[in-house]
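S.K.: Provided herewith: my_file28.cif, mmCIF, C-alpha atoms.
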data_coords
#
loop_
_atom_site.label_atom_id
_atom_site.label_comp_id
_atom_site.auth_asym_id
_atom_site.auth_seq_id
_atom_site.Cartn_x
_atom_site.Cartn_y
_atom_site.Cartn_z
CA MET A 1 6.32 247.80 -142.32
CA ALA A 2 5.99 246.35 -145.76
CA PHE A 3 3.61 246.61 -148.65
CA LYS A 4 4.05 244.24 -151.56
CA LEU A 5 2.50 243.39 -154.89
CA THR A 6 2.99 239.85 -156.10
CA ARG A 7 2.11 237.78 -159.14
CA ALA A 8 2.81 234.60 -157.19
CA ALA A 9 0.29 232.83 -154.95
CA ILE A 10 0.10 234.39 -151.48
CA ASP A 11 1.44 232.02 -148.82
CA ALA A 12 -0.59 233.16 -145.82
CA ARG A 13 1.16 230.83 -143.40
CA ALA A 14 4.63 232.06 -144.36
CA LEU A 15 3.48 235.67 -144.04
CA ALA A 16 2.00 235.01 -140.60
CA ASP A 17 5.23 233.31 -139.51
CA GLY A 18 7.02 236.49 -140.55
CA LEU A 19 5.02 238.39 -137.93
CA HIS A 20 6.61 236.53 -135.03
CA ASP A 21 7.25 239.21 -132.43
CA THR A 22 7.67 238.64 -128.70
CA ARG A 23 6.65 242.25 -127.94
CA ALA A 24 3.24 241.54 -129.43
CA GLY A 25 0.41 240.06 -127.41
CA ALA A 26 -1.89 240.26 -130.40
CA CYS A 27 -1.68 239.28 -134.05
CA VAL A 28 -4.63 239.92 -136.37
CA THR A 29 -4.59 238.76 -139.98
CA PHE A 30 -7.10 239.20 -142.79
CA GLU A 31 -7.38 237.25 -146.03
CA GLY A 32 -9.47 238.54 -148.91
CA ARG A 33 -10.36 235.56 -151.10
CA VAL A 34 -11.90 235.16 -154.52
CA ARG A 35 -15.60 234.48 -154.05
CA ALA A 36 -17.69 232.31 -156.38
CA ARG A 37 -20.54 234.81 -156.67
CA ASN A 38 -20.68 238.57 -157.07
CA GLY A 39 -23.82 240.61 -157.61
CA GLY A 40 -25.79 237.43 -158.31
CA ARG A 41 -23.43 236.23 -161.05
CA ALA A 42 -21.35 233.05 -160.94
CA VAL A 43 -17.69 234.02 -160.96
CA ARG A 44 -15.19 231.62 -162.53
CA ALA A 45 -11.93 233.55 -162.11
CA LEU A 46 -10.59 237.09 -161.99
CA ASP A 47 -7.67 239.22 -163.07
CA TYR A 48 -6.06 242.10 -161.21
CA GLU A 49 -4.21 244.80 -163.05
CA THR A 50 -2.27 247.54 -161.25
CA TYR A 51 -0.31 250.73 -161.80
CA ALA A 52 2.53 249.28 -159.75
CA PRO A 53 4.71 252.31 -158.91
CA LEU A 54 1.75 254.26 -157.55
CA ALA A 55 0.18 251.22 -155.86
CA ARG A 56 3.42 250.57 -153.96
CA LYS A 57 3.70 254.20 -152.94
CA GLU A 58 0.08 254.36 -151.78
CA GLY A 59 0.38 251.00 -149.99
CA ASP A 60 3.43 252.25 -148.09
CA ARG A 61 1.53 255.42 -147.17
CA ILE A 62 -1.41 253.39 -145.81
CA LEU A 63 0.89 251.28 -143.62
CA ALA A 64 2.66 254.41 -142.36
CA GLU A 65 -0.71 255.95 -141.50
CA ALA A 66 -1.70 252.80 -139.61
CA ARG A 67 1.50 252.99 -137.59
CA ARG A 68 0.81 256.63 -136.69
CA ARG A 69 -2.83 256.05 -135.78
CA PHE A 70 -2.58 252.81 -133.83
CA SER A 71 -0.20 251.40 -131.27
CA ILE A 72 1.12 248.50 -133.35
CA THR A 73 4.48 246.81 -133.76
CA LYS A 74 4.32 245.31 -137.28
CA ALA A 75 2.07 245.70 -140.30
CA VAL A 76 2.21 243.89 -143.62
CA CYS A 77 -0.06 244.07 -146.66
CA VAL A 78 0.33 241.94 -149.79
CA HIS A 79 -1.89 242.26 -152.86
CA ARG A 80 -2.00 239.80 -155.75
CA THR A 81 -1.89 240.81 -159.38
CA GLY A 82 -2.50 238.68 -162.47
CA SER A 83 -4.97 235.81 -162.81
CA LEU A 84 -6.63 234.24 -159.76
CA GLY A 85 -8.94 231.28 -159.31
CA LEU A 86 -11.80 230.77 -156.87
CA GLY A 87 -10.62 230.66 -153.28
CA ASP A 88 -7.23 232.20 -154.03
CA VAL A 89 -6.04 234.83 -151.58
CA ALA A 90 -6.28 238.21 -153.33
CA VAL A 91 -5.07 240.38 -150.47
CA TRP A 92 -3.47 239.60 -147.12
CA VAL A 93 -3.07 241.93 -144.15
CA GLY A 94 -1.25 241.11 -140.93
CA VAL A 95 -0.76 243.33 -137.88
CA THR A 96 0.88 242.74 -134.53
CA ALA A 97 0.42 244.92 -131.47
CA GLY A 98 0.87 244.85 -127.75
CA HIS A 99 -2.87 244.46 -127.31
CA ARG A 100 -5.77 243.20 -129.42
CA ARG A 101 -7.75 246.40 -129.84
CA ALA A 102 -5.02 248.21 -131.77
CA ALA A 103 -4.31 245.10 -133.85
CA PHE A 104 -7.97 244.70 -134.89
CA GLU A 105 -8.41 248.40 -135.61
CA ALA A 106 -5.21 248.73 -137.62
CA CYS A 107 -5.98 245.60 -139.66
CA ARG A 108 -9.44 246.97 -140.46
CA TYR A 109 -7.99 250.35 -141.36
CA ILE A 110 -5.40 248.85 -143.70
CA ILE A 111 -7.81 246.62 -145.64
CA ASP A 112 -10.44 249.37 -145.92
CA GLN A 113 -7.91 251.95 -147.15
CA THR A 114 -6.34 249.41 -149.50
CA LYS A 115 -9.68 248.75 -151.16
CA ALA A 116 -10.49 252.45 -151.36
CA ARG A 117 -7.17 253.86 -152.54
CA LEU A 118 -4.87 251.42 -154.32
CA PRO A 119 -4.81 251.78 -158.12
CA ILE A 120 -5.79 248.17 -158.76
CA TRP A 121 -8.49 247.01 -161.15
CA LYS A 122 -10.43 243.76 -161.13
CA ARG A 123 -11.91 241.97 -164.11
CA GLU A 124 -14.28 239.13 -163.32
CA HIS A 125 -14.78 236.15 -165.61
CA TYR A 126 -18.26 234.65 -165.39
CA ALA A 127 -19.66 231.24 -166.10
CA GLY A 128 -20.55 231.36 -169.79
CA GLY A 129 -17.50 233.39 -170.75
CA ALA A 130 -18.52 237.02 -170.21
CA THR A 131 -16.07 239.36 -168.45
CA GLU A 132 -16.50 242.71 -166.74
CA TRP A 133 -14.24 245.35 -165.20
CA ILE A 134 -15.69 245.88 -161.73
CA ASN A 135 -16.97 249.42 -161.00
CA ALA A 136 -16.26 250.55 -164.56
CA ALA A 137 -19.74 250.28 -166.08
CA GLY A 138 -21.24 253.59 -167.19
CA GLY A 139 -22.62 255.56 -164.27
CA ARG A 140 -22.79 252.59 -161.94
CA ALA A 141 -20.68 252.46 -158.81
CA LYS A 142 -20.88 249.21 -156.91
CA ARG A 143 -20.29 249.25 -153.24
CA SER A 144 -18.86 246.41 -151.21
CA ARG A 145 -19.10 246.05 -147.49
CA MET B 1 0.34 257.97 -171.52
CA ARG B 2 -0.26 254.69 -169.77
CA TYR B 3 -3.64 252.98 -169.80
CA PHE B 4 -5.08 250.38 -167.47
CA ALA B 5 -8.12 248.13 -167.27
CA ILE B 6 -11.15 249.34 -169.22
CA LEU B 7 -9.30 252.37 -170.63
CA ARG B 8 -6.49 250.11 -171.86
CA GLU B 9 -9.04 247.92 -173.63
CA GLN B 10 -10.91 250.87 -175.11
CA ARG B 11 -7.66 252.43 -176.32
CA GLY B 12 -6.38 249.08 -177.60
CA LEU B 13 -2.89 249.53 -176.12
CA GLY B 14 -1.16 250.01 -172.77
CA ALA B 15 1.12 252.97 -173.46
CA GLU B 16 1.75 255.59 -176.10
CA ARG B 17 3.29 258.99 -176.68
CA VAL B 18 0.82 261.70 -177.61
CA SER B 19 1.25 265.17 -179.02
CA THR B 20 -1.28 267.61 -177.66
CA GLY B 21 -2.03 271.27 -177.24
CA ALA B 22 -3.89 270.51 -174.02
CA ALA B 23 -2.69 272.61 -171.09
CA THR B 24 -4.28 270.58 -168.27
CA ALA B 25 -4.98 266.97 -167.45
CA ARG B 26 -8.71 267.60 -167.90
CA ALA B 27 -8.25 269.05 -171.38
CA LEU B 28 -6.07 266.11 -172.37
CA TYR B 29 -8.60 263.56 -171.07
CA ASP B 30 -11.41 265.30 -172.93
CA GLU B 31 -9.30 265.28 -176.10
CA LEU B 32 -8.41 261.59 -175.81
CA ARG B 33 -11.94 260.65 -174.83
CA GLY B 34 -13.23 262.32 -177.96
CA ARG B 35 -10.60 260.59 -180.09
CA HIS B 36 -10.91 257.07 -178.65
CA GLY B 37 -14.48 256.94 -177.33
CA PHE B 38 -13.65 256.27 -173.68
CA SER B 39 -16.90 255.38 -171.90
CA LEU B 40 -15.99 256.93 -168.55
CA PRO B 41 -16.71 260.61 -167.90
CA ALA B 42 -13.90 262.53 -166.19
CA GLY B 43 -15.93 262.58 -162.98
CA ARG B 44 -15.37 258.83 -162.59
CA VAL B 45 -11.67 258.89 -163.46
CA ARG B 46 -8.65 259.94 -161.40
CA VAL B 47 -5.42 261.27 -162.79
CA ALA B 48 -1.79 260.64 -161.91
CA ILE B 49 1.17 262.54 -163.30
CA ASN B 50 4.68 261.10 -162.99
CA GLY B 51 3.62 258.46 -160.49
CA ASP B 52 1.50 260.51 -158.09
CA PHE B 53 -2.18 261.33 -157.76
CA THR B 54 -2.99 264.86 -158.80
CA GLY B 55 -5.97 267.03 -159.69
CA TRP B 56 -7.68 267.60 -163.02
CA ASP B 57 -6.40 271.16 -163.22
CA ALA B 58 -2.77 270.05 -163.02
CA PRO B 59 -0.71 271.43 -165.91
CA VAL B 60 0.60 269.00 -168.52
CA ARG B 61 4.22 269.41 -169.54
CA GLU B 62 6.37 267.86 -172.21
CA GLY B 63 7.71 264.49 -171.11
CA ASP B 64 5.16 263.92 -168.30
CA GLU B 65 3.82 260.42 -167.78
CA LEU B 66 0.06 260.63 -167.36
CA VAL B 67 -2.29 257.90 -166.22
CA PHE B 68 -6.06 258.28 -166.29
CA MET B 69 -7.35 255.76 -163.78
CA PRO B 70 -10.76 254.10 -164.02
CA PRO B 71 -12.66 253.46 -160.77
CA ILE B 72 -10.48 251.16 -158.70
CA ALA B 73 -11.50 247.73 -157.43
CA GLY B 74 -8.79 246.17 -155.30
CA GLY B 75 -9.09 243.64 -152.52
#
As structure tokens, what does this structure read like?

M.R.:
Amino acid sequence: MAFKLTRAAIDARALADGLHDTRAGACVTFEGRVRARNGGRAVRALDYETYAPLARKEGDRILAEARRRFSITKAVCVHRTGSLGLGDVAVWVGVTAGHRRAAFEACRYIIDQTKARLPIWKREHYAGGATEWINAAGGRAKRSR
Amino acid sequence: MRYFAILREQRGLGAERVSTGAATARALYDELRGRHGFSLPAGRVRVAINGDFTGWDAPVREGDELVFMPPIAGG
């Protein structure tokens, strides 16, 4: 079980290789990538800022919860910080389990909880030079699905 | 105090020591919001003291590290 924050590019292949586990008949991975459009605006890049000590603690708690709730063998979650370009992997989740159902469900749980609970903030840079802290505009709360 | 994201920008720095008579996290946020013009009402902010989430009514003690957290946006 491992949660990590990293300023370096996420190497999805290396992380998946780290999940090698002969007890596991299923391995589910998820990559969250930087998308070129958000809310109708052209995104050029983004920055993540985090309160690292609390993010690590909360990330560890989420993985521990996943292990309690689902019958899984390994779970890893890595979140980028710093400046990212289009297509970069912002968050990576990998889960192994004896069977696929638990692996899918745990992976979904981890990414959903990560987005809902980790103290991480995202600033988007738009074509034309404007920037905006996501979800921080007065009174407006954007929802993602 | 440590500040992140939009609160860091509105404060103009990432960390500072503050002297306050505020007894709770809510009173301290209200005081700092008045002083620095933070755009976010307390209802859209969460508070952490000494590295853990806590509630607005949590007491503030000398030497505590407080973080007022804007709405998060990870992933």

S.K.: Check which residues of chain A sit at most 10 Å from chain B using all atoms listed in the file, and return one row each with the closest pair of atoms and their distance in Å to one decimal, ordered by chain and rising number, as JSON lines.

M.R.:
{"residue": "A:Glu31", "atom": "CA", "partner": "B:Gly75", "partner_atom": "CA", "distance": 9.3}
{"residue": "A:Gly32", "atom": "CA", "partner": "B:Gly75", "partner_atom": "CA", "distance": 6.3}
{"residue": "A:Arg33", "atom": "CA", "partner": "B:Gly75", "partner_atom": "CA", "distance": 8.3}
{"residue": "A:Val34", "atom": "CA", "partner": "B:Gly75", "partner_atom": "CA", "distance": 9.2}
{"residue": "A:Asp47", "atom": "CA", "partner": "B:Ala5", "partner_atom": "CA", "distance": 9.9}
{"residue": "A:Tyr48", "atom": "CA", "partner": "B:Gly74", "partner_atom": "CA", "distance": 7.7}
{"residue": "A:Glu49", "atom": "CA", "partner": "B:Ala5", "partner_atom": "CA", "distance": 6.6}
{"residue": "A:Thr50", "atom": "CA", "partner": "B:Phe4", "partner_atom": "CA", "distance": 7.4}
{"residue": "A:Tyr51", "atom": "CA", "partner": "B:Phe4", "partner_atom": "CA", "distance": 7.4}
{"residue": "A:Ala52", "atom": "CA", "partner": "B:Gly51", "partner_atom": "CA", "distance": 9.3}
{"residue": "A:Pro53", "atom": "CA", "partner": "B:Gly51", "partner_atom": "CA", "distance": 6.4}
{"residue": "A:Leu54", "atom": "CA", "partner": "B:Gly51", "partner_atom": "CA", "distance": 5.5}
{"residue": "A:Ala55", "atom": "CA", "partner": "B:Gly51", "partner_atom": "CA", "distance": 9.3}
{"residue": "A:Lys57", "atom": "CA", "partner": "B:Asp52", "partner_atom": "CA", "distance": 8.4}
{"residue": "A:Glu58", "atom": "CA", "partner": "B:Asp52", "partner_atom": "CA", "distance": 8.9}
{"residue": "A:Val78", "atom": "CA", "partner": "B:Gly75", "partner_atom": "CA", "distance": 10.0}
{"residue": "A:His79", "atom": "CA", "partner": "B:Gly75", "partner_atom": "CA", "distance": 7.3}
{"residue": "A:Arg80", "atom": "CA", "partner": "B:Gly75", "partner_atom": "CA", "distance": 8.7}
{"residue": "A:Thr81", "atom": "CA", "partner": "B:Gly74", "partner_atom": "CA", "distance": 9.6}
{"residue": "A:Val89", "atom": "CA", "partner": "B:Gly75", "partner_atom": "CA", "distance": 9.4}
{"residue": "A:Ala90", "atom": "CA", "partner": "B:Gly75", "partner_atom": "CA", "distance": 6.2}
{"residue": "A:Val91", "atom": "CA", "partner": "B:Gly75", "partner_atom": "CA", "distance": 5.6}
{"residue": "A:Trp92", "atom": "CA", "partner": "B:Gly75", "partner_atom": "CA", "distance": 8.8}
{"residue": "A:Ile111", "atom": "CA", "partner": "B:Gly75", "partner_atom": "CA", "distance": 7.6}
{"residue": "A:Asp112", "atom": "CA", "partner": "B:Gly75", "partner_atom": "CA", "distance": 8.8}
{"residue": "A:Gln113", "atom": "CA", "partner": "B:Gly75", "partner_atom": "CA", "distance": 10.0}
{"residue": "A:Thr114", "atom": "CA", "partner": "B:Gly75", "partner_atom": "CA", "distance": 7.1}
{"residue": "A:Lys115", "atom": "CA", "partner": "B:Gly74", "partner_atom": "CA", "distance": 5.0}
{"residue": "A:Ala116", "atom": "CA", "partner": "B:Ile72", "partner_atom": "CA", "distance": 7.5}
{"residue": "A:Arg117", "atom": "CA", "partner": "B:Ile72", "partner_atom": "CA", "distance": 7.5}
{"residue": "A:Leu118", "atom": "CA", "partner": "B:Gly74", "partner_atom": "CA", "distance": 6.6}
{"residue": "A:Pro119", "atom": "CA", "partner": "B:Ile72", "partner_atom": "CA", "distance": 5.7}
{"residue": "A:Ile120", "atom": "CA", "partner": "B:Gly74", "partner_atom": "CA", "distance": 5.0}
{"residue": "A:Trp121", "atom": "CA", "partner": "B:Ala73", "partner_atom": "CA", "distance": 4.8}
{"residue": "A:Lys122", "atom": "CA", "partner": "B:Ala73", "partner_atom": "CA", "distance": 5.5}
{"residue": "A:Arg123", "atom": "CA", "partner": "B:Ala5", "partner_atom": "CA", "distance": 7.9}
{"residue": "A:Glu132", "atom": "CA", "partner": "B:Ile6", "partner_atom": "CA", "distance": 8.9}
{"residue": "A:Trp133", "atom": "CA", "partner": "B:Ile6", "partner_atom": "CA", "distance": 6.5}
{"residue": "A:Ile134", "atom": "CA", "partner": "B:Ala73", "partner_atom": "CA", "distance": 6.3}
{"residue": "A:Asn135", "atom": "CA", "partner": "B:Pro71", "partner_atom": "CA", "distance": 5.9}
{"residue": "A:Ala136", "atom": "CA", "partner": "B:Pro71", "partner_atom": "CA", "distance": 6.0}
{"residue": "A:Ala137", "atom": "CA", "partner": "B:Leu40", "partner_atom": "CA", "distance": 8.0}
{"residue": "A:Gly138", "atom": "CA", "partner": "B:Leu40", "partner_atom": "CA", "distance": 6.4}
{"residue": "A:Gly139", "atom": "CA", "partner": "B:Leu40", "partner_atom": "CA", "distance": 8.0}
{"residue": "A:Arg140", "atom": "CA", "partner": "B:Arg44", "partner_atom": "CA", "distance": 9.7}
{"residue": "A:Ala141", "atom": "CA", "partner": "B:Pro71", "partner_atom": "CA", "distance": 8.3}
{"residue": "A:Lys142", "atom": "CA", "partner": "B:Ala73", "partner_atom": "CA", "distance": 9.5}
{"residue": "A:Arg143", "atom": "CA", "partner": "B:Ala73", "partner_atom": "CA", "distance": 9.9}
{"residue": "A:Ser144", "atom": "CA", "partner": "B:Ala73", "partner_atom": "CA", "distance": 9.7}

S.K.: Can you tell me, as a PyMOL selection string, what residues are no more than 7 Å from segment 38-41 of chain A when counting all atoms listed in the file, ignoring any on the same chain fewer than 2 positions away?

M.R.: chain A and resi 36+43+126

S.K.: Got time to write the residues from that selection, C-alpha atoms, as a PDB file, keeping the file's coordinate frame?

M.R.:
ATOM      1  CA  ALA A  36     -17.690 232.310-156.380  1.00  0.00           C
ATOM      2  CA  VAL A  43     -17.690 234.020-160.960  1.00  0.00           C
ATOM      3  CA  TYR A 126     -18.260 234.650-165.390  1.00  0.00           C
TER       4      TYR A 126
END

S.K.: Just checking: using all atoms listed in the file, which residue out of A:Ala64, A:Ala130, A:Ala8, A:Ala24 ends up closest to Ala102 of chain A?

M.R.: A:Ala24

S.K.: Between B:Gly37, B:Tyr29, B:Ala22, B:Asp64, which has the minimum distance to Glu9 of chain B (counting all atoms listed in the file)?

M.R.: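 Among the listed residues, the smallest separation from Glu9 of chain B belongs to B:Gly37.
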
S.K.: Quick one: residues within 12 Å of Ala2 of chain A, all atoms listed in the file, excluding same-chain residues fewer than 5 positions away - as a PyMOL selection string?

M.R.: chain A and resi 15+18-19+56-64+66-67+74-79+92-95+110

S.K.: Export C-alpha atoms of the chosen residues as a CSV table (one decimal), keeping the file's coordinate frame?

M.R.:
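Below is the file that was written, again_15.csv:
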chain,number,residue,atom,x,y,z
A,15,LEU,CA,3.5,235.7,-144.0
A,18,GLY,CA,7.0,236.5,-140.6
A,19,LEU,CA,5.0,238.4,-137.9
A,56,ARG,CA,3.4,250.6,-154.0
A,57,LYS,CA,3.7,254.2,-152.9
A,58,GLU,CA,0.1,254.4,-151.8
A,59,GLY,CA,0.4,251.0,-150.0
A,60,ASP,CA,3.4,252.2,-148.1
A,61,ARG,CA,1.5,255.4,-147.2
A,62,ILE,CA,-1.4,253.4,-145.8
A,63,LEU,CA,0.9,251.3,-143.6
A,64,ALA,CA,2.7,254.4,-142.4
A,66,ALA,CA,-1.7,252.8,-139.6
A,67,ARG,CA,1.5,253.0,-137.6
A,74,LYS,CA,4.3,245.3,-137.3
A,75,ALA,CA,2.1,245.7,-140.3
A,76,VAL,CA,2.2,243.9,-143.6
A,77,CYS,CA,-0.1,244.1,-146.7
A,78,VAL,CA,0.3,241.9,-149.8
A,79,HIS,CA,-1.9,242.3,-152.9
A,92,TRP,CA,-3.5,239.6,-147.1
A,93,VAL,CA,-3.1,241.9,-144.2
A,94,GLY,CA,-1.2,241.1,-140.9
A,95,VAL,CA,-0.8,243.3,-137.9
A,110,ILE,CA,-5.4,248.8,-143.7

S.K.: Write out as number ranges by chain the residues lying within 6 Å of Met1 of chain B, counting only C-alpha atoms and excluding same-chain residues fewer than 6 positions away.

M.R.: B: 15-16, 65-67

S.K.: Name the residues captured by the PyMOL selection byres ((chain B and resi 59) around 7) when it is applied to the shown file; answer as a PDB file with C-alpha atoms, in the coordinates of the input.

M.R.:
ATOM      1  CA  ALA B  23      -2.690 272.610-171.090  1.00  0.00           C
ATOM      2  CA  THR B  24      -4.280 270.580-168.270  1.00  0.00           C
ATOM      3  CA  ALA B  25      -4.980 266.970-167.450  1.00  0.00           C
ATOM      4  CA  ASP B  57      -6.400 271.160-163.220  1.00  0.00           C
ATOM      5  CA  ALA B  58      -2.770 270.050-163.020  1.00  0.00           C
ATOM      6  CA  VAL B  60       0.600 269.000-168.520  1.00  0.00           C
ATOM      7  CA  ARG B  61       4.220 269.410-169.540  1.00  0.00           C
TER       8      ARG B  61
END

S.K.: Name the residues that the PyMOL selection byres ((chain A and resi 100) around 8) picks from the file above, as a PDB file with C-alpha atoms, keeping the file's coordinate frame, using the file's chain letters and numbers.

M.R.:
ATOM      1  CA  GLY A  25       0.410 240.060-127.410  1.00  0.00           C
ATOM      2  CA  ALA A  26      -1.890 240.260-130.400  1.00  0.00           C
ATOM      3  CA  CYS A  27      -1.680 239.280-134.050  1.00  0.00           C
ATOM      4  CA  VAL A  28      -4.630 239.920-136.370  1.00  0.00           C
ATOM      5  CA  ALA A  97       0.420 244.920-131.470  1.00  0.00           C
ATOM      6  CA  GLY A  98       0.870 244.850-127.750  1.00  0.00           C
ATOM      7  CA  HIS A  99      -2.870 244.460-127.310  1.00  0.00           C
ATOM      8  CA  ARG A 101      -7.750 246.400-129.840  1.00  0.00           C
ATOM      9  CA  ALA A 102      -5.020 248.210-131.770  1.00  0.00           C
ATOM     10  CA  ALA A 103      -4.310 245.100-133.850  1.00  0.00           C
ATOM     11  CA  PHE A 104      -7.970 244.700-134.890  1.00  0.00           C
TER      12      PHE A 104
END
